[in-house]
Each structure stands twice: as structure tokens, then as C-alpha cells.
file structure_24.cif (mmCIF, C-alpha atoms; chains and numbers go by the auth columns)
data_entry
loop_
_atom_site.group_PDB
_atom_site.id
_atom_site.type_symbol
_atom_site.label_atom_id
_atom_site.label_comp_id
_atom_site.label_asym_id
_atom_site.label_seq_id
_atom_site.Cartn_x
_atom_site.Cartn_y
_atom_site.Cartn_z
_atom_site.B_iso_or_equiv
_atom_site.auth_seq_id
_atom_site.auth_asym_id
ATOM 1 C CA MET A 1 91.157 60.513 34.220 0.00 1 A
ATOM 2 C CA GLN A 2 93.143 57.529 32.916 0.00 2 A
ATOM 3 C CA THR A 3 91.663 57.998 29.438 0.00 3 A
ATOM 4 C CA PHE A 4 92.676 61.667 29.439 0.00 4 A
ATOM 5 C CA LEU A 5 96.231 60.821 30.531 0.00 5 A
ATOM 6 C CA ASN A 6 96.553 58.055 27.932 0.00 6 A
ATOM 7 C CA GLU A 7 95.373 60.450 25.218 0.00 7 A
ATOM 8 C CA PHE A 8 97.794 63.137 26.405 0.00 8 A
ATOM 9 C CA LEU A 9 100.708 60.660 26.395 0.00 9 A
ATOM 10 C CA LYS A 10 99.812 59.552 22.853 0.00 10 A
ATOM 11 C CA ARG A 11 99.936 63.179 21.781 0.00 11 A
ATOM 12 C CA ILE A 12 103.283 63.701 23.525 0.00 12 A
ATOM 13 C CA LYS A 13 104.608 60.697 21.597 0.00 13 A
ATOM 14 C CA GLY A 14 103.527 62.422 18.403 0.00 14 A
ATOM 15 C CA TRP A 15 105.419 65.519 19.496 0.00 15 A
ATOM 16 C CA ALA A 16 108.519 63.377 19.924 0.00 16 A
ATOM 17 C CA PHE A 17 108.628 62.843 16.178 0.00 17 A
ATOM 18 C CA ILE A 18 107.749 66.471 15.541 0.00 18 A
ATOM 19 C CA LEU A 19 110.619 67.788 17.590 0.00 19 A
ATOM 20 C CA PHE A 20 113.088 65.357 16.053 0.00 20 A
ATOM 21 C CA PHE A 21 112.207 66.662 12.618 0.00 21 A
ATOM 22 C CA CYS A 22 112.307 70.207 13.967 0.00 22 A
ATOM 23 C CA CYS A 23 115.920 69.639 14.990 0.00 23 A
ATOM 24 C CA LEU A 24 116.716 68.469 11.488 0.00 24 A
ATOM 25 C CA GLY A 25 114.605 71.157 9.903 0.00 25 A
ATOM 26 C CA LEU A 26 116.245 73.919 11.924 0.00 26 A
ATOM 27 C CA LYS A 27 119.632 72.884 10.592 0.00 27 A
ATOM 28 C CA ILE A 28 118.298 72.797 7.033 0.00 28 A
ATOM 29 C CA ALA A 29 116.507 76.129 7.470 0.00 29 A
ATOM 30 C CA ALA A 30 119.646 77.608 8.953 0.00 30 A
ATOM 31 C CA GLN A 31 121.610 76.745 5.835 0.00 31 A
ATOM 32 C CA GLN A 32 119.113 78.725 3.780 0.00 32 A
ATOM 33 C CA ASN A 33 118.607 81.731 6.084 0.00 33 A
ATOM 34 C CA ILE A 34 121.701 81.832 8.252 0.00 34 A
ATOM 35 C CA SER A 35 123.733 84.864 9.194 0.00 35 A
ATOM 36 C CA ALA A 36 127.510 84.983 9.526 0.00 36 A
ATOM 37 C CA THR A 37 127.097 84.363 13.287 0.00 37 A
ATOM 38 C CA GLY A 38 125.208 81.072 12.808 0.00 38 A
ATOM 39 C CA GLU A 39 121.894 82.627 13.826 0.00 39 A
ATOM 40 C CA TRP A 40 118.628 82.897 11.967 0.00 40 A
ATOM 41 C CA ALA A 41 115.387 84.716 12.669 0.00 41 A
ATOM 42 C CA LYS A 42 111.654 84.306 12.215 0.00 42 A
ATOM 43 C CA PHE A 43 111.459 80.767 10.927 0.00 43 A
ATOM 44 C CA THR A 44 108.574 78.326 10.604 0.00 44 A
ATOM 45 C CA ILE A 45 108.876 74.619 9.977 0.00 45 A
ATOM 46 C CA PRO A 46 105.642 72.924 8.856 0.00 46 A
ATOM 47 C CA GLU A 47 105.033 69.195 8.486 0.00 47 A
ATOM 48 C CA ARG A 48 102.277 67.912 6.226 0.00 48 A
ATOM 49 C CA ASN A 49 100.561 64.551 5.911 0.00 49 A
ATOM 50 C CA ARG A 50 100.717 62.614 2.650 0.00 50 A
ATOM 51 C CA ASP A 51 97.428 64.192 1.619 0.00 51 A
ATOM 52 C CA GLY A 52 98.966 67.660 2.058 0.00 52 A
ATOM 53 C CA SER A 53 97.088 68.683 5.197 0.00 53 A
ATOM 54 C CA LEU A 54 99.041 70.424 7.943 0.00 54 A
ATOM 55 C CA LYS A 55 100.135 68.003 10.678 0.00 55 A
ATOM 56 C CA TRP A 56 102.158 70.397 12.862 0.00 56 A
ATOM 57 C CA GLN A 57 104.005 73.671 12.704 0.00 57 A
ATOM 58 C CA PHE A 58 107.021 74.817 14.758 0.00 58 A
ATOM 59 C CA THR A 59 107.854 78.533 14.841 0.00 59 A
ATOM 60 C CA GLY A 60 110.678 80.422 16.508 0.00 60 A
ATOM 61 C CA ALA A 61 111.701 84.066 16.640 0.00 61 A
ATOM 62 C CA ARG A 62 115.423 83.260 16.690 0.00 62 A
ATOM 63 C CA ALA A 63 117.662 80.200 16.671 0.00 63 A
ATOM 64 C CA LYS A 64 121.359 79.581 16.924 0.00 64 A
ATOM 65 C CA ASN A 65 123.515 76.512 16.315 0.00 65 A
ATOM 66 C CA ARG A 66 125.847 75.982 19.243 0.00 66 A
ATOM 67 C CA PRO A 67 129.393 74.609 18.933 0.00 67 A
ATOM 68 C CA ASP A 68 128.296 71.462 20.833 0.00 68 A
ATOM 69 C CA GLY A 69 125.764 70.629 18.088 0.00 69 A
ATOM 70 C CA LYS A 70 122.699 71.703 20.063 0.00 70 A
ATOM 71 C CA VAL A 71 120.296 74.345 18.806 0.00 71 A
ATOM 72 C CA GLU A 72 119.031 77.197 21.021 0.00 72 A
ATOM 73 C CA VAL A 73 115.597 78.494 20.077 0.00 73 A
ATOM 74 C CA GLU A 74 113.846 81.609 21.389 0.00 74 A
ATOM 75 C CA SER A 75 110.124 82.423 21.419 0.00 75 A
ATOM 76 C CA VAL A 76 108.876 78.959 20.485 0.00 76 A
ATOM 77 C CA PHE A 77 105.290 78.516 19.349 0.00 77 A
ATOM 78 C CA ALA A 78 104.212 75.080 18.123 0.00 78 A
ATOM 79 C CA ASN A 79 100.822 73.771 17.019 0.00 79 A
ATOM 80 C CA THR A 80 99.575 70.296 16.217 0.00 80 A
ATOM 81 C CA TYR A 81 96.615 69.880 13.888 0.00 81 A
ATOM 82 C CA GLU A 82 93.705 67.440 13.641 0.00 82 A
ATOM 83 C CA LYS A 83 91.443 67.617 10.584 0.00 83 A
ATOM 84 C CA GLY A 84 92.776 71.044 9.633 0.00 84 A
ATOM 85 C CA GLN A 85 92.158 72.582 13.066 0.00 85 A
ATOM 86 C CA VAL A 86 94.653 73.368 15.842 0.00 86 A
ATOM 87 C CA ASP A 87 94.604 70.446 18.302 0.00 87 A
ATOM 88 C CA TRP A 88 96.979 71.801 20.925 0.00 88 A
ATOM 89 C CA THR A 89 99.664 74.424 21.315 0.00 89 A
ATOM 90 C CA LEU A 90 103.003 74.623 23.152 0.00 90 A
ATOM 91 C CA THR A 91 104.761 77.901 23.932 0.00 91 A
ATOM 92 C CA THR A 92 108.031 78.636 25.708 0.00 92 A
ATOM 93 C CA PRO A 93 110.375 81.617 25.561 0.00 93 A
ATOM 94 C CA HIS A 94 113.511 79.468 25.241 0.00 94 A
ATOM 95 C CA CYS A 95 114.572 75.861 24.743 0.00 95 A
ATOM 96 C CA ILE A 96 117.592 73.830 23.687 0.00 96 A
ATOM 97 C CA LEU A 97 117.222 71.000 21.175 0.00 97 A
ATOM 98 C CA ASP A 98 119.699 68.114 21.248 0.00 98 A
ATOM 99 C CA SER A 99 119.285 65.398 18.644 0.00 99 A
ATOM 100 C CA LYS A 100 122.500 63.542 19.561 0.00 100 A
ATOM 101 C CA LYS A 101 122.371 62.938 23.334 0.00 101 A
ATOM 102 C CA VAL A 102 123.805 59.529 24.253 0.00 102 A
ATOM 103 C CA ASN A 103 121.590 57.320 26.416 0.00 103 A
ATOM 104 C CA GLU A 104 123.871 55.818 29.078 0.00 104 A
ATOM 105 C CA LYS A 105 121.696 52.707 29.499 0.00 105 A
ATOM 106 C CA THR A 106 121.226 51.755 25.859 0.00 106 A
ATOM 107 C CA LYS A 107 124.308 53.528 24.451 0.00 107 A
ATOM 108 C CA GLY A 108 122.009 54.691 21.651 0.00 108 A
ATOM 109 C CA THR A 109 121.056 58.228 20.756 0.00 109 A
ATOM 110 C CA ASP A 110 118.161 59.969 22.486 0.00 110 A
ATOM 111 C CA ARG A 111 116.698 63.229 21.334 0.00 111 A
ATOM 112 C CA GLU A 112 115.844 65.739 24.025 0.00 112 A
ATOM 113 C CA ILE A 113 114.524 69.241 24.478 0.00 113 A
ATOM 114 C CA VAL A 114 115.278 71.093 27.722 0.00 114 A
ATOM 115 C CA SER A 115 114.411 74.473 29.159 0.00 115 A
ATOM 116 C CA ASP A 116 114.514 76.389 32.426 0.00 116 A
ATOM 117 C CA SER A 117 111.869 78.770 31.061 0.00 117 A
ATOM 118 C CA ASP A 118 108.118 78.785 31.514 0.00 118 A
ATOM 119 C CA VAL A 119 106.134 76.346 29.399 0.00 119 A
ATOM 120 C CA HIS A 120 102.467 76.474 28.441 0.00 120 A
ATOM 121 C CA ILE A 121 100.615 73.612 26.742 0.00 121 A
ATOM 122 C CA PHE A 122 96.939 74.115 26.007 0.00 122 A
ATOM 123 C CA ASN A 123 93.842 73.423 23.952 0.00 123 A
ATOM 124 C CA LYS A 124 90.090 73.704 24.562 0.00 124 A
ATOM 125 C CA LYS A 125 90.109 70.808 27.038 0.00 125 A
ATOM 126 C CA PHE A 126 93.238 71.412 29.113 0.00 126 A
ATOM 127 C CA ASP A 127 95.732 74.045 30.149 0.00 127 A
ATOM 128 C CA ILE A 128 99.129 73.034 31.575 0.00 128 A
ATOM 129 C CA THR A 129 101.726 75.532 32.799 0.00 129 A
ATOM 130 C CA GLY A 130 104.992 75.228 34.681 0.00 130 A
ATOM 131 C CA THR A 131 108.606 76.277 34.859 0.00 131 A
ATOM 132 C CA GLY A 132 111.393 74.275 33.265 0.00 132 A
ATOM 133 C CA PHE A 133 110.897 71.123 31.285 0.00 133 A
ATOM 134 C CA HIS A 134 112.820 68.108 30.084 0.00 134 A
ATOM 135 C CA TRP A 135 111.494 66.231 27.099 0.00 135 A
ATOM 136 C CA LEU A 136 113.058 62.821 26.507 0.00 136 A
ATOM 137 C CA VAL A 137 111.777 62.410 23.004 0.00 137 A
ATOM 138 C CA ASP A 138 112.637 58.761 22.338 0.00 138 A
ATOM 139 C CA GLN A 139 111.312 57.699 25.722 0.00 139 A
ATOM 140 C CA THR A 140 108.057 59.632 25.164 0.00 140 A
ATOM 141 C CA ARG A 141 108.547 61.364 28.509 0.00 141 A
ATOM 142 C CA PHE A 142 107.728 65.017 29.128 0.00 142 A
ATOM 143 C CA ILE A 143 108.602 66.367 32.574 0.00 143 A
ATOM 144 C CA ILE A 144 107.647 69.813 33.799 0.00 144 A
ATOM 145 C CA ARG A 145 110.060 70.506 36.652 0.00 145 A
ATOM 146 C CA LYS A 146 108.280 72.936 38.974 0.00 146 A
ATOM 147 C CA GLN A 147 105.256 75.129 39.611 0.00 147 A
ATOM 148 C CA VAL A 148 103.041 72.796 37.580 0.00 148 A
ATOM 149 C CA GLN A 149 99.400 73.730 37.192 0.00 149 A
ATOM 150 C CA VAL A 150 96.893 71.635 35.265 0.00 150 A
ATOM 151 C CA THR A 151 93.398 72.808 34.481 0.00 151 A
ATOM 152 C CA ILE A 152 91.021 70.377 32.783 0.00 152 A
ATOM 153 C CA SER A 153 87.858 71.820 31.274 0.00 153 A
ATOM 154 C CA GLY A 154 84.618 69.860 31.384 0.00 154 A
ATOM 155 C CA GLY A 155 83.823 66.912 33.562 0.00 155 A
ATOM 156 C CA PHE A 156 84.763 63.259 33.730 0.00 156 A
ATOM 157 C CA SER A 157 82.515 60.271 33.760 0.00 157 A
ATOM 158 C CA LYS A 158 83.083 57.559 36.343 0.00 158 A
ATOM 159 C CA ASN A 159 84.569 55.267 33.635 0.00 159 A
ATOM 160 C CA GLN A 160 87.169 57.882 32.659 0.00 160 A
ATOM 161 C CA ILE A 161 88.411 58.233 36.238 0.00 161 A
ATOM 162 C CA LEU A 162 88.651 54.529 37.037 0.00 162 A
#
call {"tool": "encode", "arguments": {"input": "structure_24.cif", "output": "C-alpha cells"}}
result
Amino acid sequence: MQTFLNEFLKRIKGWAFILFFCCLGLKIAAQQNISATGEWAKFTIPERNRDGSLKWQFTGARAKNRPDGKVEVESVFANTYEKGQVDWTLTTPHCILDSKKVNEKTKGTDREIVSDSDVHIFNKKFDITGTGFHWLVDQTRFIIRKQVQVTISGGFSKNQIL
């Protein structure tokens, strides 16, 4: 079990960088496909490795820059890739991206993604669902607030649990 959790946390850390670049990418994409209201629709932001292979892809049905600098995104669908294949997927109907939140302890900037909506994270080995989440990107912390269900496919060896 510890090995599974360590692997999951490593992947969440990778998503921290993904979502930071998504925040930046959304603003860039918005400048290219933005309406007079500051909204844009049907966008996809891919990230590729140096060799050109797809690393991750973030897709939203709609997004809107808010006056406070945050970005609201609807119908989020994000994939990470390993060796050209989807590794895991995150879906949520709505989230708010904030790339400029001030950390009160360090006085530095933390990036965060929050939502009161349902969230679903899955791949062939696990399925995690819940309602509401808070992702502290720079702290590599992903919190699902309530109604959390985790299903792990396959078994564990004694060494993985201990």
C-alpha cells in the first residue's frame, strides 16, 4: 500500500507542474481565442517532452478570466501520458485556477486549483471519486474534501502493504 501511495504522490507532483503551465497556457490561449467577454471555448493545451512525445493534455469546454486574476474552467478533462499511452485521467465539471495565491507562512506564491464539484481520477489500477477538492500545487498536496471513494484494482503483496 505504501508503494502505491508513494507512486500516486509522485504523479500528483507531476500534475502540479502541469496545472501551473495550464494556468499560463490558458491565459495565452485566451489571447488567441478570446471573446469580447473574456471567455473562450473548446480549448486544449498539450505539453510535449523534448523528444516530441505527449506528456499531458488539459482540455476544457469553456474558460473565463476573472477580475481577481483567477481562471474558471468548465468541463475539465486532463490526461497524463507514459510511453505514448494514457497513464491516468482527471475529470471535473468545474474548477478555479489561481497561480498567484500568497502563502501566509512563506510569503511566497503558491499555485492552487479548487472546486466544489465532483472529481474523478482514474486509470487501469485505481479509481478515485469525491466531491470538492483543493490542490496546493507547490506543496504537492491534493485533498478531496468529501464523499471520497477509492477503488484499487488487483492485489497487493505483503511488501507493498508494509
call {"tool": "closest_residue", "arguments": {"input": "structure_24.cif", "among": "A:Val76, A:Ile144, A:Ile113, A:Ile152", "to": "Phe126 in chain A", "atoms": "all atoms listed in the file"}}
result
A:Ile152
call {"tool": "atom_distance", "arguments": {"input": "structure_24.cif", "atom1": "CA of Asp68 in chain A", "atom2": "CA of Ile121 in chain A"}}
result
28.4 Å
call {"tool": "atom_distance", "arguments": {"input": "structure_24.cif", "atom1": "CA of Arg141 in chain A", "atom2": "CA of Gly52 in chain A"}}
result
28.8 Å
call {"tool": "residues_around", "arguments": {"input": "structure_24.cif", "residues": "Phe122 in chain A", "least_positions_apart": "6", "cutoff": "10 Å", "atoms": "all atoms listed in the file", "output": "number ranges by chain"}}
result
A: 79, 87-91, 128-129, 150-152
call {"tool": "atom_distance", "arguments": {"input": "structure_24.cif", "atom1": "CA of Gln147 in chain A", "atom2": "CA of Pro93 in chain A"}}
result
16.3 Å
call {"tool": "closest_residue", "arguments": {"input": "structure_24.cif", "among": "A:Val73, A:Ala41, A:Ala78, A:Val86", "to": "Ser53 in chain A", "atoms": "only C-alpha atoms"}}
result
A:Val86
call {"tool": "residues_around", "arguments": {"input": "structure_24.cif", "residues": "Pro67 in chain A", "least_positions_apart": "2", "cutoff": "12 Å", "atoms": "all atoms listed in the file", "output": "ChimeraX atom specification"}}
result
/A:37-38,64-65,69-72,98
